[in-house]
Structures are given as C-alpha cells and as structure tokens.
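Peer 1: Enclosed is the structure file target12.csv (CSV, C-alpha atoms).
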```csv
chain,number,residue,atom,x,y,z
A,1,MET,CA,13.7,-10.3,-8.7
A,2,THR,CA,10.3,-11.8,-9.0
A,3,THR,CA,7.2,-9.6,-8.7
A,4,THR,CA,3.5,-10.5,-8.2
A,5,SER,CA,1.1,-7.6,-8.6
A,6,ALA,CA,-0.1,-4.2,-9.5
A,7,LYS,CA,0.7,-1.8,-12.3
A,8,THR,CA,3.6,0.6,-12.2
A,9,THR,CA,3.2,4.3,-12.7
A,10,PRO,CA,6.7,5.4,-14.0
A,11,PRO,CA,7.9,9.0,-13.9
A,12,GLN,CA,6.8,10.9,-16.9
A,13,THR,CA,6.8,14.5,-18.2
A,14,SER,CA,5.3,16.2,-21.2
A,15,ALA,CA,7.2,16.2,-24.5
A,16,PRO,CA,8.1,19.9,-24.4
A,17,ALA,CA,9.4,19.6,-20.9
A,18,GLN,CA,11.5,16.6,-21.8
A,19,GLU,CA,13.1,18.4,-24.8
A,20,GLY,CA,13.8,21.5,-22.7
A,21,ALA,CA,15.4,19.5,-19.9
A,22,ALA,CA,17.4,17.0,-22.0
A,23,THR,CA,20.5,19.2,-22.6
A,24,GLY,CA,20.6,20.5,-19.0
A,25,LEU,CA,20.4,17.0,-17.6
A,26,ALA,CA,23.2,15.7,-19.9
A,27,GLU,CA,25.4,18.6,-18.7
A,28,ARG,CA,24.6,17.8,-15.1
A,29,VAL,CA,25.5,14.1,-15.6
A,30,ALA,CA,28.6,15.0,-17.5
A,31,SER,CA,29.8,17.3,-14.6
A,32,VAL,CA,29.4,14.4,-12.1
A,33,ALA,CA,31.2,12.1,-14.4
A,34,ARG,CA,34.1,14.5,-14.7
A,35,VAL,CA,34.4,14.7,-10.9
A,36,ALA,CA,34.2,11.0,-10.6
A,37,GLU,CA,37.0,10.6,-13.2
A,38,GLU,CA,39.3,13.0,-11.3
A,39,HIS,CA,39.1,11.0,-8.1
A,40,LEU,CA,38.8,7.5,-9.6
A,41,LYS,CA,42.3,6.2,-8.8
A,42,VAL,CA,42.1,7.2,-5.2
A,43,THR,CA,38.6,5.9,-4.5
A,44,ASP,CA,39.3,2.6,-6.1
A,45,ARG,CA,42.8,2.2,-4.5
A,46,ASP,CA,41.7,3.1,-1.0
A,47,ALA,CA,38.1,1.6,-1.2
A,48,VAL,CA,36.6,4.9,-0.1
A,49,PHE,CA,33.2,6.4,-0.9
A,50,PRO,CA,33.3,8.9,-3.8
A,51,GLU,CA,32.2,11.9,-1.7
A,52,GLN,CA,33.3,14.4,-4.3
A,53,ALA,CA,31.0,12.8,-7.0
A,54,LEU,CA,28.2,12.8,-4.4
A,55,ALA,CA,28.8,16.4,-3.7
A,56,GLN,CA,28.4,17.2,-7.4
A,57,MET,CA,25.2,15.2,-7.5
A,58,ARG,CA,23.9,17.4,-4.7
A,59,ARG,CA,25.0,20.6,-6.4
A,60,THR,CA,23.5,19.7,-9.8
A,61,GLY,CA,20.2,18.5,-8.4
A,62,LEU,CA,20.7,15.0,-9.7
A,63,LEU,CA,19.6,13.5,-6.4
A,64,GLY,CA,16.2,14.8,-7.3
A,65,LEU,CA,16.2,13.4,-10.8
A,66,LEU,CA,12.9,11.4,-10.4
A,67,VAL,CA,11.2,14.0,-8.1
A,68,PRO,CA,8.3,15.8,-9.7
A,69,ALA,CA,8.9,19.4,-10.8
A,70,GLU,CA,6.1,20.7,-8.4
A,71,HIS,CA,8.4,19.6,-5.5
A,72,GLY,CA,11.4,21.2,-7.0
A,73,GLY,CA,12.8,18.1,-8.7
A,74,CYS,CA,13.8,17.3,-12.3
A,75,SER,CA,10.7,15.3,-13.2
A,76,GLY,CA,13.0,12.9,-14.9
A,77,THR,CA,11.7,10.0,-17.0
A,78,LEU,CA,12.7,6.4,-16.9
A,79,THR,CA,14.7,7.1,-20.1
A,80,ASP,CA,16.5,9.9,-18.2
A,81,PHE,CA,17.3,7.5,-15.4
A,82,VAL,CA,18.7,4.9,-17.8
A,83,ASP,CA,20.8,7.4,-19.7
A,84,ALA,CA,22.2,8.9,-16.6
A,85,SER,CA,23.0,5.5,-15.1
A,86,MET,CA,24.8,4.4,-18.3
A,87,ALA,CA,26.8,7.6,-18.5
A,88,LEU,CA,28.0,7.4,-14.9
A,89,GLY,CA,28.7,3.7,-15.3
A,90,ARG,CA,31.1,4.4,-18.2
A,91,VAL,CA,33.4,6.3,-15.9
A,92,ASP,CA,33.0,4.4,-12.6
A,93,MET,CA,30.6,1.5,-11.9
A,94,SER,CA,30.6,2.3,-8.2
A,95,VAL,CA,29.4,5.9,-8.8
A,96,GLY,CA,26.8,4.6,-11.3
A,97,MET,CA,25.4,2.1,-8.9
A,98,ILE,CA,25.4,4.6,-6.0
A,99,PHE,CA,23.3,6.9,-8.2
A,100,ALA,CA,21.0,4.2,-9.5
A,101,MET,CA,20.2,2.8,-6.1
A,102,HIS,CA,19.6,6.2,-4.7
A,103,CYS,CA,17.1,6.9,-7.5
A,104,GLN,CA,15.4,3.6,-6.7
A,105,GLN,CA,14.9,4.7,-3.1
A,106,SER,CA,13.7,8.2,-4.1
A,107,GLU,CA,11.1,6.7,-6.4
A,108,ALA,CA,9.7,4.6,-3.6
A,109,ILE,CA,9.2,7.9,-1.6
A,110,VAL,CA,7.6,9.6,-4.6
A,111,ARG,CA,5.1,6.8,-5.1
A,112,TYR,CA,4.4,5.5,-1.7
A,113,ALA,CA,5.3,8.0,1.1
A,114,ALA,CA,2.3,9.8,2.7
A,115,SER,CA,2.0,13.4,3.8
A,116,PRO,CA,3.6,15.1,5.5
A,117,LEU,CA,6.7,12.9,5.2
A,118,ARG,CA,6.4,12.8,1.4
A,119,GLU,CA,6.6,16.6,1.0
A,120,GLU,CA,9.4,16.9,3.5
A,121,LEU,CA,11.6,14.3,1.9
A,122,LEU,CA,10.9,15.4,-1.7
A,123,ALA,CA,12.0,18.9,-0.8
A,124,GLN,CA,15.2,17.6,0.7
A,125,LEU,CA,15.8,15.4,-2.4
A,126,SER,CA,15.3,18.3,-4.8
A,127,ALA,CA,17.7,20.5,-2.7
A,128,GLY,CA,20.4,17.9,-2.8
A,129,ASP,CA,20.2,17.5,1.0
A,130,LEU,CA,19.1,13.8,1.0
A,131,TYR,CA,21.2,11.0,-0.2
A,132,LEU,CA,19.4,7.7,0.5
A,133,ALA,CA,20.9,4.3,1.4
A,134,SER,CA,19.0,1.0,1.2
A,135,VAL,CA,18.9,-1.4,4.1
A,136,THR,CA,17.5,-4.6,2.8
A,137,THR,CA,20.2,-7.2,3.5
A,138,GLU,CA,20.0,-9.1,6.7
A,139,PRO,CA,21.9,-12.0,8.3
A,140,GLY,CA,20.3,-15.4,7.9
A,141,LYS,CA,17.8,-14.7,5.2
A,142,GLY,CA,20.0,-15.7,2.2
A,143,GLY,CA,19.1,-12.7,0.0
A,144,HIS,CA,15.3,-13.2,0.3
A,145,LEU,CA,14.2,-9.7,-0.3
A,146,PHE,CA,10.6,-10.3,0.8
A,147,ARG,CA,11.5,-11.7,4.2
A,148,SER,CA,12.7,-10.0,7.4
A,149,TYR,CA,13.5,-11.4,10.8
A,150,ALA,CA,14.2,-8.1,12.6
A,151,PRO,CA,11.0,-7.0,14.3
A,152,LEU,CA,9.8,-3.4,14.1
A,153,ARG,CA,8.5,-2.6,17.6
A,154,GLU,CA,5.8,0.0,18.3
A,155,GLY,CA,5.9,2.5,21.1
A,156,ASP,CA,3.9,5.6,21.9
A,157,ASP,CA,3.6,7.1,18.4
A,158,THR,CA,7.1,5.7,17.7
A,159,LEU,CA,8.7,2.8,16.0
A,160,MET,CA,11.8,1.2,17.4
A,161,VAL,CA,14.5,0.3,14.9
A,162,ASP,CA,17.1,-2.3,15.7
A,163,ARG,CA,18.6,-3.6,12.5
A,164,VAL,CA,21.8,-5.4,11.5
A,165,ALA,CA,22.7,-5.3,7.8
A,166,PRO,CA,25.8,-7.0,6.3
A,167,ILE,CA,25.9,-4.7,3.3
A,168,VAL,CA,24.8,-1.0,3.1
A,169,THR,CA,26.1,0.8,0.1
A,170,GLY,CA,27.0,4.4,1.1
A,171,GLY,CA,25.7,3.8,4.6
A,172,ALA,CA,28.6,5.6,6.2
A,173,VAL,CA,27.7,8.9,4.5
A,174,ALA,CA,23.9,8.6,3.8
A,175,ASP,CA,21.6,11.3,5.1
A,176,GLY,CA,18.6,8.9,5.3
A,177,PHE,CA,17.8,5.2,5.1
A,178,LEU,CA,15.0,3.1,3.8
A,179,ILE,CA,14.9,0.0,6.0
A,180,THR,CA,13.0,-3.3,5.6
A,181,MET,CA,11.8,-4.9,8.9
A,182,ARG,CA,9.3,-7.4,10.1
A,183,SER,CA,5.9,-5.6,10.5
A,184,PRO,CA,4.8,-4.9,14.1
A,185,HIS,CA,1.8,-7.2,13.9
A,186,ALA,CA,3.3,-9.8,11.5
A,187,THR,CA,2.3,-13.4,11.7
A,188,ALA,CA,4.9,-14.5,9.1
A,189,ASP,CA,8.4,-13.4,8.1
A,190,HIS,CA,7.2,-12.2,4.7
A,191,HIS,CA,5.0,-9.5,6.4
A,192,VAL,CA,7.6,-6.8,5.9
A,193,SER,CA,7.3,-3.0,6.3
A,194,LEU,CA,9.5,-0.3,4.8
A,195,VAL,CA,10.4,2.6,7.0
A,196,TYR,CA,12.4,5.8,6.5
A,197,ALA,CA,14.9,6.9,9.2
A,198,HIS,CA,17.0,10.1,9.1
A,199,ARG,CA,20.6,9.8,10.1
A,200,ARG,CA,20.0,12.0,13.2
A,201,GLN,CA,17.3,9.6,14.4
A,202,LEU,CA,19.7,6.6,14.5
A,203,ARG,CA,22.8,5.4,16.2
A,204,ILE,CA,24.9,3.9,13.4
A,205,GLU,CA,27.8,1.5,14.1
A,206,GLY,CA,30.1,0.0,11.6
A,207,THR,CA,30.6,-3.6,12.3
A,208,GLY,CA,33.3,-4.6,9.8
A,209,GLU,CA,35.6,-3.5,7.0
A,210,TRP,CA,35.0,-3.1,3.3
A,211,CYS,CA,37.9,-4.5,1.3
A,212,PRO,CA,36.4,-6.1,-1.8
A,213,MET,CA,37.9,-7.2,-5.2
A,214,GLY,CA,35.8,-4.7,-7.1
A,215,MET,CA,33.1,-2.1,-6.6
A,216,ARG,CA,35.5,-0.7,-4.0
A,217,ALA,CA,34.2,2.9,-4.0
A,218,SER,CA,30.7,1.7,-3.2
A,219,HIS,CA,31.9,1.4,0.4
A,220,SER,CA,29.2,-1.1,1.3
A,221,LEU,CA,30.0,-1.6,5.0
A,222,PRO,CA,28.1,-3.8,7.4
A,223,LEU,CA,26.2,-1.6,9.8
A,224,THR,CA,24.0,-1.9,12.9
A,225,LEU,CA,21.3,0.8,13.1
A,226,THR,CA,19.3,1.4,16.2
A,227,GLY,CA,17.0,4.2,17.2
A,228,SER,CA,13.4,5.5,17.5
A,229,ILE,CA,11.5,7.1,14.6
A,230,PRO,CA,8.0,8.7,14.5
A,231,ALA,CA,5.3,6.2,13.6
A,232,HIS,CA,4.3,8.1,10.4
A,233,GLN,CA,7.7,7.3,8.8
A,234,VAL,CA,6.3,4.1,7.3
A,235,ILE,CA,6.6,4.1,3.5
A,236,GLY,CA,3.2,2.8,2.2
A,237,GLU,CA,1.5,0.6,4.8
A,238,HIS,CA,2.7,-1.8,7.4
A,239,GLY,CA,3.3,-5.1,5.6
A,240,ALA,CA,3.1,-3.5,2.2
A,241,PHE,CA,6.8,-3.8,1.2
A,242,HIS,CA,6.0,-6.6,-1.3
A,243,ARG,CA,3.9,-4.2,-3.3
A,244,ILE,CA,6.6,-1.5,-3.3
A,245,ALA,CA,9.2,-4.1,-4.3
A,246,GLN,CA,7.3,-5.4,-7.2
A,247,SER,CA,6.4,-1.9,-8.6
A,248,VAL,CA,9.5,0.1,-7.8
A,249,PHE,CA,12.4,-1.8,-6.1
A,250,GLY,CA,12.5,-4.7,-8.6
A,251,PRO,CA,12.0,-2.9,-11.9
A,252,LEU,CA,14.2,0.1,-11.1
A,253,ALA,CA,16.9,-2.2,-9.7
A,254,HIS,CA,17.1,-4.4,-12.7
A,255,ILE,CA,16.9,-1.6,-15.2
A,256,GLY,CA,19.2,0.8,-13.3
A,257,TRP,CA,21.8,-1.9,-12.5
A,258,SER,CA,21.8,-3.2,-16.1
A,259,ALA,CA,22.2,0.4,-17.4
A,260,VAL,CA,25.3,0.9,-15.2
A,261,TRP,CA,26.8,-2.4,-16.2
A,262,LEU,CA,26.2,-1.7,-19.8
A,263,GLY,CA,27.8,1.7,-19.3
A,264,THR,CA,30.9,0.1,-17.7
A,265,ALA,CA,31.3,-2.4,-20.5
A,266,SER,CA,30.7,0.2,-23.3
A,267,GLY,CA,33.2,2.6,-21.7
A,268,ALA,CA,35.8,-0.2,-21.6
A,269,LEU,CA,35.1,-1.0,-25.3
A,270,SER,CA,35.3,2.7,-26.2
A,271,ARG,CA,38.7,3.1,-24.5
A,272,VAL,CA,40.1,0.0,-26.3
A,273,LEU,CA,38.9,1.3,-29.6
A,274,ARG,CA,40.5,4.7,-29.0
A,275,LEU,CA,43.7,2.9,-28.1
A,276,LEU,CA,43.6,0.9,-31.3
A,277,ARG,CA,42.8,3.9,-33.5
A,278,ASP,CA,45.6,6.0,-31.9
A,279,PRO,CA,48.7,6.3,-34.2
A,280,ALA,CA,50.9,4.7,-31.5
A,281,GLY,CA,48.3,1.9,-31.1
A,282,ARG,CA,48.3,1.1,-34.7
A,283,LYS,CA,52.0,0.4,-34.5
A,284,ARG,CA,51.5,-1.8,-31.5
A,285,PHE,CA,48.5,-3.8,-32.7
A,286,ASP,CA,47.9,-5.7,-35.9
A,287,LEU,CA,44.6,-4.2,-37.2
A,288,SER,CA,44.6,-6.6,-40.0
A,289,SER,CA,44.3,-9.5,-37.6
A,290,GLU,CA,41.1,-11.5,-38.2
A,291,LEU,CA,41.2,-12.7,-34.6
A,292,LEU,CA,41.2,-9.2,-33.3
A,293,MET,CA,38.4,-8.1,-35.5
A,294,THR,CA,36.3,-11.1,-34.6
A,295,ARG,CA,36.8,-10.4,-30.9
A,296,LEU,CA,35.8,-6.8,-31.3
A,297,SER,CA,32.8,-7.9,-33.2
A,298,ARG,CA,31.7,-10.3,-30.5
A,299,VAL,CA,32.1,-7.7,-27.8
A,300,ARG,CA,30.0,-5.2,-29.7
A,301,GLN,CA,27.4,-7.9,-30.4
A,302,ARG,CA,27.1,-8.7,-26.6
A,303,LEU,CA,26.6,-5.0,-25.8
A,304,ASP,CA,24.1,-4.4,-28.6
A,305,THR,CA,22.1,-7.4,-27.2
A,306,VAL,CA,22.1,-6.0,-23.7
A,307,HIS,CA,21.2,-2.5,-25.0
A,308,ALA,CA,18.2,-3.9,-27.0
A,309,LEU,CA,17.0,-5.9,-24.0
A,310,LEU,CA,17.4,-2.9,-21.7
A,311,ARG,CA,15.4,-0.6,-23.9
A,312,ARG,CA,12.7,-3.1,-24.4
A,313,THR,CA,12.3,-3.6,-20.7
A,314,GLU,CA,12.4,0.1,-20.1
A,315,ALA,CA,9.5,0.5,-22.6
A,316,LEU,CA,7.5,-2.2,-20.9
A,317,VAL,CA,7.9,-0.6,-17.4
A,318,ALA,CA,7.2,2.9,-18.8
A,319,SER,CA,4.0,1.7,-20.4
A,320,GLY,CA,2.5,1.1,-17.0
A,321,ALA,CA,1.9,-2.6,-17.8
A,322,ASP,CA,0.9,-5.1,-15.2
A,323,LEU,CA,4.2,-6.5,-14.1
A,324,SER,CA,2.6,-9.4,-12.3
A,325,ASP,CA,2.2,-11.2,-15.7
A,326,ALA,CA,4.7,-14.1,-15.9
A,327,SER,CA,6.1,-12.9,-19.3
A,328,SER,CA,6.8,-9.4,-17.8
A,329,GLN,CA,8.5,-10.9,-14.8
A,330,LEU,CA,10.6,-13.2,-17.0
A,331,LEU,CA,11.7,-10.2,-19.1
A,332,LEU,CA,12.7,-8.2,-16.0
A,333,ASN,CA,14.7,-11.1,-14.6
A,334,SER,CA,16.2,-11.9,-18.0
A,335,LEU,CA,17.5,-8.3,-18.4
A,336,LYS,CA,19.3,-8.5,-15.1
A,337,ILE,CA,20.8,-12.0,-15.8
A,338,THR,CA,21.8,-11.2,-19.4
A,339,ALA,CA,23.3,-7.8,-18.6
A,340,SER,CA,25.3,-9.1,-15.7
A,341,GLU,CA,26.7,-12.0,-17.7
A,342,GLU,CA,27.2,-10.4,-21.1
A,343,CYS,CA,28.8,-7.2,-19.9
A,344,TYR,CA,31.3,-9.2,-17.9
A,345,ARG,CA,32.0,-11.5,-20.8
A,346,ALA,CA,32.5,-8.5,-23.1
A,347,VAL,CA,35.2,-7.0,-20.9
A,348,ASP,CA,36.8,-10.4,-20.4
A,349,GLU,CA,37.0,-10.8,-24.1
A,350,LEU,CA,38.6,-7.4,-24.5
A,351,VAL,CA,41.3,-8.5,-22.1
A,352,ASP,CA,42.2,-11.3,-24.5
A,353,ALA,CA,41.9,-9.0,-27.5
A,354,VAL,CA,44.5,-6.4,-26.3
A,355,GLY,CA,46.7,-8.8,-24.2
A,356,LEU,CA,48.7,-8.5,-21.0
A,357,ARG,CA,49.9,-4.9,-21.2
A,358,HIS,CA,46.5,-3.2,-21.8
A,359,GLY,CA,44.2,-6.0,-20.6
A,360,TYR,CA,45.6,-7.0,-17.3
A,361,LEU,CA,47.8,-4.2,-15.9
A,362,GLN,CA,46.3,-1.6,-13.6
A,363,ASP,CA,48.1,1.4,-15.2
A,364,SER,CA,46.6,0.8,-18.7
A,365,PRO,CA,44.4,3.7,-20.0
A,366,THR,CA,41.8,1.0,-21.0
A,367,ARG,CA,41.0,0.3,-17.3
A,368,LEU,CA,40.0,-3.2,-18.3
A,369,GLU,CA,41.4,-4.6,-15.0
A,370,LYS,CA,39.1,-2.4,-12.9
A,371,SER,CA,36.1,-2.9,-15.2
A,372,LEU,CA,36.5,-6.7,-14.9
A,373,ARG,CA,36.8,-6.6,-11.2
A,374,ASP,CA,33.7,-4.4,-10.9
A,375,LEU,CA,31.6,-6.4,-13.3
A,376,ARG,CA,32.4,-9.6,-11.5
A,377,SER,CA,30.0,-8.5,-8.8
A,378,ALA,CA,27.1,-8.1,-11.2
A,379,ALA,CA,26.0,-11.8,-11.2
A,380,LEU,CA,26.2,-11.8,-7.4
A,381,ASN,CA,24.2,-8.7,-6.9
A,382,TYR,CA,20.9,-10.4,-6.2
A,383,SER,CA,22.2,-13.8,-7.3
A,384,ASN,CA,21.6,-15.0,-10.8
A,385,ASP,CA,21.1,-18.5,-9.4
A,386,ARG,CA,18.1,-17.3,-7.4
A,387,LEU,CA,16.6,-15.5,-10.4
A,388,HIS,CA,17.0,-18.6,-12.6
A,389,LEU,CA,15.2,-20.7,-10.0
A,390,ALA,CA,12.3,-18.2,-10.0
A,391,ASP,CA,12.3,-18.0,-13.8
A,392,GLY,CA,12.0,-21.8,-14.0
A,393,GLN,CA,8.9,-21.7,-12.0
A,394,LEU,CA,7.6,-18.7,-14.0
A,395,CYS,CA,8.1,-20.7,-17.2
A,396,LEU,CA,5.6,-23.3,-16.0
A,397,LEU,CA,3.0,-20.5,-15.7
A,398,ASP,CA,3.5,-19.6,-19.4
A,399,PRO,CA,3.1,-22.8,-21.4
A,400,ASP,CA,2.3,-20.8,-24.5
A,401,VAL,CA,5.6,-19.0,-24.3
A,402,ARG,CA,4.3,-15.4,-24.7
A,403,PHE,CA,6.7,-12.5,-24.8
A,404,ALA,CA,6.2,-9.2,-23.0
```
Represent the structure contained in this file as structure tokens.

Peer 2:
Amino acid sequence: MTTTSAKTTPPQTSAPAQEGAATGLAERVASVARVAEEHLKVTDRDAVFPEQALAQMRRTGLLGLLVPAEHGGCSGTLTDFVDASMALGRVDMSVGMIFAMHCQQSEAIVRYAASPLREELLAQLSAGDLYLASVTTEPGKGGHLFRSYAPLREGDDTLMVDRVAPIVTGGAVADGFLITMRSPHATADHHVSLVYAHRRQLRIEGTGEWCPMGMRASHSLPLTLTGSIPAHQVIGEHGAFHRIAQSVFGPLAHIGWSAVWLGTASGALSRVLRLLRDPAGRKRFDLSSELLMTRLSRVRQRLDTVHALLRRTEALVASGADLSDASSQLLLNSLKITASEECYRAVDELVDAVGLRHGYLQDSPTRLEKSLRDLRSAALNYSNDRLHLADGQLCLLDPDVRFA
C-alpha cells in the first residue's frame, strides 16, 4: 500500500507500564490461542468463523489492545500488536488476521474519531463489546483502496449507507463496521470518507458463499449493507480517508499481516522440528541427510529475513517518522511483499523436506497442508503486483537509493 503524507503517532506507554503489562498480555494471548487450537479442525473444515476465539478475545480485553488505559484499554504498543499477531498466527492464520485487522480498525478510531463517538466506541472496545469489521472492498474498483464509487448521501443530520462489498472478513458476526464511501460532496472518485456504522443501524444481507482454498475460518462473505447513521459517525473528516489510510490502515495492515504470516510459517517450522526431534521421528527421518539439513537451514533463513524486516519496519513506524518519504513507503511495501512470498516459500520447502505423509496429508501434526493453503492468500491480499507497480514509481523518486 502506498502512502503520501503526515507523521504517524503510534500507540505508546511508559516503560514501567510496559513491563507490568507484558506478562498479563502474553497470558491473554495464550488463552485465545488455546481456544483457537481447540476448535481449529472444525472452523477450517466447515469454513466457519472462530466465534469461540473471538469470545475469548472479548473476555480477555484483547479487543481493546490499542485503546488507551484512560478509556479502559490495554494501552498496547506497536510491539505488543506485532507479538500478539505473531502468536495467534502460529496457531491459526485466520484468527491472527481477524485480530490484526480488528486492531487496525480500532486504531483508526483511537486516532481519528471525534467526541462523543470516540469515547463511546473506545469504552465498548475496552469492554470487549465491539468487534470491528472493515468494508473497503468494492465491485469494479480493482482493489484501489483510495477510490470508491458508492456515494454517501446526506439527509437531515444523517448519512445514508448503501454499500456492496465482495469480501468482508467477519462481517456476519461483527458488532460494528468501518466503511469507505464516496464523500457526499465529492468531485472525484478518490474523495473518500470513512464512516462507522453499528450493526443495529444497518440491514445486512449476505450475497454469496464463502468456500475458499485457505483462510477458511476468516469467513469473508460478500455483503450488502444499507441503513441510516447519524451524521457525526464520520471518522476524521469527509474526504479524509487518504490521510487515515496512509497513517493507520497502510502501516498497521502491512505490519500486522506480516506478523501473522510470520507466525504461521514459524509455527509450521516449529511443529516440523518437534516431529524430527521426537524419538519416533528420528527413526522415520534421516537426520544425517545433508539435503534435509540444507532445507531446514533455508527455511530458517527465510523466516529470519522476514523477522528482521518486520522489526525494522515496526521501529520506523513507532518512531513517528514521516511515512510520506519514498524510502519509508518502499520499506512498508517491501515488508508486505517479502513476508507474503518468503513465508509461503518456507512452508512449501518444508513440504519437500518431510515428504508426502507429513507435508501433504491433512492429518499430519505438522499442519503444513493447512499452513500452505492459508499462506497462498498472502500475495493476493492487496496484490503484490499492485505494490510492485507502485514501488517502481517510488524508485524513480529516490535516485540516491536511500534506506529508511
């Protein structure tokens, strides 16, 4: 995702607060991961939303991870967000992505919602009463995030929502939605507003089925949303979505998604290594094989590369740097592209390393088959081809080849 202006102000807390919350946060994340693990086979087999894992996110307060403490939230840092996304991704990529995308939406509210909507929504997030879904996809726009054709119409102190979206992750169970629409007084398709709508304010109609190859538990159904919302439920200003996208949606999407993908791939490697180290596994596999050792080495190298790039990008965003700089945009886009490609390749190589029984069959404890299916979606989730096109243009703006 390309971005074009303004500094970010990432979530931060004082050092003592961070130390005091670290253990508690890890325990909360671990409890959600355990619940996700318990229901993993059913949610993947039946392509149903992981409602039990979401319920545990509500109970533990994880839905308020990035909400400031003065509003009852966890005051989580960007590092907390990355660590939690990785941990959930190790168990189930769908659960990890559901969590990461919710946090992206909640941070937009923290940073851009105005009173009294801000206080109302932050209290609900902290209490676990508000799971947010994102409505940014739209027929006919080919994935262009900064464009919308669906007009947002003004009434008497109201805004009329009539929106079709081909993919809405968790839309069937979401409590609220952040929706992009063409601004009421727009003169071009890129004049886009972001609005909040509560579930009770909308009529929601499923317009298709969800039967994908991977990411089955994300339950990203096509939806039609219609209704009337109060005029003050605009996030930021009318036509200001571009600024929100460059400072929140873009950075947190690329960082959060990459953390989840890295978690999925590292979880796969961990399960393979435990299989190889198990006494029964040592009889089944030739641990003196140079080919096996070389493959394991390459997989670890891929994941270490993604991890280093992820932490570097995290540090850049946490610093509050101006992300409009070409080198910063290139780094953000490079993270998404590299993570999506290298995490998939790492798991694909693990399939070759352990062979048919434990690399290809669904009943293997390595779960490589599921990880591979899930990670195949990564390059398509905001297309790498689109990002490469943007990066080629950004390269021309940086003839000195400066690194962020």

Peer 1: Counting all atoms listed in the file, what is within 9 Å of range 308-310 of chain A, bar same-chain residues fewer than 5 positions away, as a ChimeraX atom specification?

Peer 2: /A:82,255,258-259,303,315,331,334-336,338-339

Peer 1: Set the distance at 8 Å and use only C-alpha atoms: which residues neighbour range 380-392 of chain A once local chain neighbours fewer than 2 positions away are removed? I'd like the list as an NGL selection string.

Peer 2: :A and (1-2 or 143 or 330 or 333 or 337 or 376-378 or 394-396)

Peer 1: With distances taken over all atoms listed in the file, which of A:Ala26, A:Val248, A:Ala240, A:Leu291 is nearest to Arg111 in chain A?

Peer 2: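 Counting all atoms listed in the file, the residue closest to Arg111 in chain A is A:Val248.
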
Peer 1: List the neighbours of Glu349 in chain A out to 9 Å using all atoms listed in the file; skip same-chain residues closer than 6 positions along the sequence, and give me the result as a list of chain:residue names.

Peer 2: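 Counting all atoms listed in the file, the residues come to A:Arg295, A:Leu296, A:Arg298, A:Val299.
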
Peer 1: Skipping near chain neighbours, those fewer than 6 positions away, what residues fall within 12 Å of Leu130 in chain A using all atoms listed in the file, listed as a list in words?

Peer 2: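 The residues that qualify are Leu54, Ala55, Met57, Arg58, Arg59, Gly61, Leu62, Leu63, Gly64, His102, Cys103, Gln105, Ser106, Ile109, Glu120, Leu121, Leu122, Ala123, Gln124, Val173, Ala174, Asp175, Gly176, Phe177, Leu178, Tyr196, Ala197, His198 and Arg199 of chain A.
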
Peer 1: Distance CA of Glu237 in chain A-CA of Glu154 in chain A, one decimal place?

Peer 2: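 These two atoms are separated by 14.2 Å.
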
Peer 1: Which residue gives the smallest distance to Tyr112 in chain A among A:Leu262, A:Arg300, A:Phe249, A:Arg271, with only C-alpha atoms counted?

Peer 2: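 For Tyr112 in chain A, the nearest of the candidates is A:Phe249.
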
Peer 1: Given the choices A:Pro399, A:Gly89, A:Gly239, A:Pro279, which gets closest to Ser371 in chain A if the distance is worked out from all atoms listed in the file?

Peer 2: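 Of the candidates, the smallest distance to Ser371 in chain A is held by A:Gly89.
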
Peer 1: What does the structure give for the distance between CA of Thr226 in chain A and CA of Val95 in chain A, in Å to one decimal?

Peer 2: 27.3 Å

Peer 1: For CA of Gly320 in chain A and CA of Gly250 in chain A, determine how far apart the two atoms are, in Å to one decimal place.

Peer 2: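 CA of Gly250 in chain A lies 14.3 Å from CA of Gly320 in chain A.
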
Peer 1: Go through A:Phe285, A:Phe241, A:Phe81, A:Phe99 one by one, measure the shortest atom-to-atom distance of each to Ser218 in chain A using all atoms listed in the file, and give the residue with the smallest value.

Peer 2: A:Phe99

Peer 1: Write out as number ranges by chain which residues come within 8 Å of Leu375 in chain A when counting all atoms listed in the file, dropping same-chain ones fewer than 6 positions away.

Peer 2: A: 214, 261, 264, 340, 343-344

Peer 1: Between A:Lys141, A:Arg163, A:His232, A:Arg277, which residue has the minimum interatomic distance to Pro116 in chain A, considering all atoms listed in the file?

Peer 2: A:His232

Peer 1: Using the partial input, fill out range 35-45 of chain A with N, CA, C and O atoms; write the result as a short mmCIF file (atom, residue, chain, number, x, y, z; two decimals), keeping the file's coordinate frame.

Peer 2:
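Result file selection29.cif:
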```
data_model
loop_
_atom_site.label_atom_id
_atom_site.label_comp_id
_atom_site.auth_asym_id
_atom_site.auth_seq_id
_atom_site.Cartn_x
_atom_site.Cartn_y
_atom_site.Cartn_z
N VAL A 35 33.93 14.78 -12.32
CA VAL A 35 34.40 14.70 -10.90
C VAL A 35 34.78 13.32 -10.54
O VAL A 35 35.82 13.07 -9.91
N ALA A 36 33.94 12.36 -10.91
CA ALA A 36 34.20 11.00 -10.60
C ALA A 36 35.53 10.51 -11.24
O ALA A 36 36.33 9.80 -10.62
N GLU A 37 35.76 10.95 -12.47
CA GLU A 37 37.00 10.60 -13.20
C GLU A 37 38.22 11.16 -12.47
O GLU A 37 39.25 10.49 -12.35
N GLU A 38 38.13 12.38 -11.98
CA GLU A 38 39.30 13.00 -11.30
C GLU A 38 39.71 12.24 -10.07
O GLU A 38 40.90 12.22 -9.75
N HIS A 39 38.77 11.63 -9.38
CA HIS A 39 39.10 11.00 -8.10
C HIS A 39 39.07 9.45 -8.21
O HIS A 39 39.15 8.76 -7.19
N LEU A 40 38.99 8.94 -9.42
CA LEU A 40 38.80 7.50 -9.60
C LEU A 40 39.91 6.65 -9.04
O LEU A 40 39.65 5.65 -8.37
N LYS A 41 41.15 7.03 -9.28
CA LYS A 41 42.30 6.20 -8.80
C LYS A 41 42.28 6.10 -7.30
O LYS A 41 42.51 5.02 -6.75
N VAL A 42 42.02 7.20 -6.63
CA VAL A 42 42.10 7.20 -5.20
C VAL A 42 40.92 6.40 -4.57
O VAL A 42 41.12 5.59 -3.65
N THR A 43 39.70 6.62 -5.07
CA THR A 43 38.60 5.90 -4.50
C THR A 43 38.64 4.42 -4.69
O THR A 43 38.26 3.65 -3.82
N ASP A 44 39.19 4.00 -5.84
CA ASP A 44 39.30 2.60 -6.10
C ASP A 44 40.49 1.99 -5.27
O ASP A 44 40.35 0.95 -4.62
N ARG A 45 41.61 2.67 -5.27
CA ARG A 45 42.80 2.20 -4.50
C ARG A 45 42.49 2.05 -3.04
O ARG A 45 42.82 1.04 -2.40
#
```
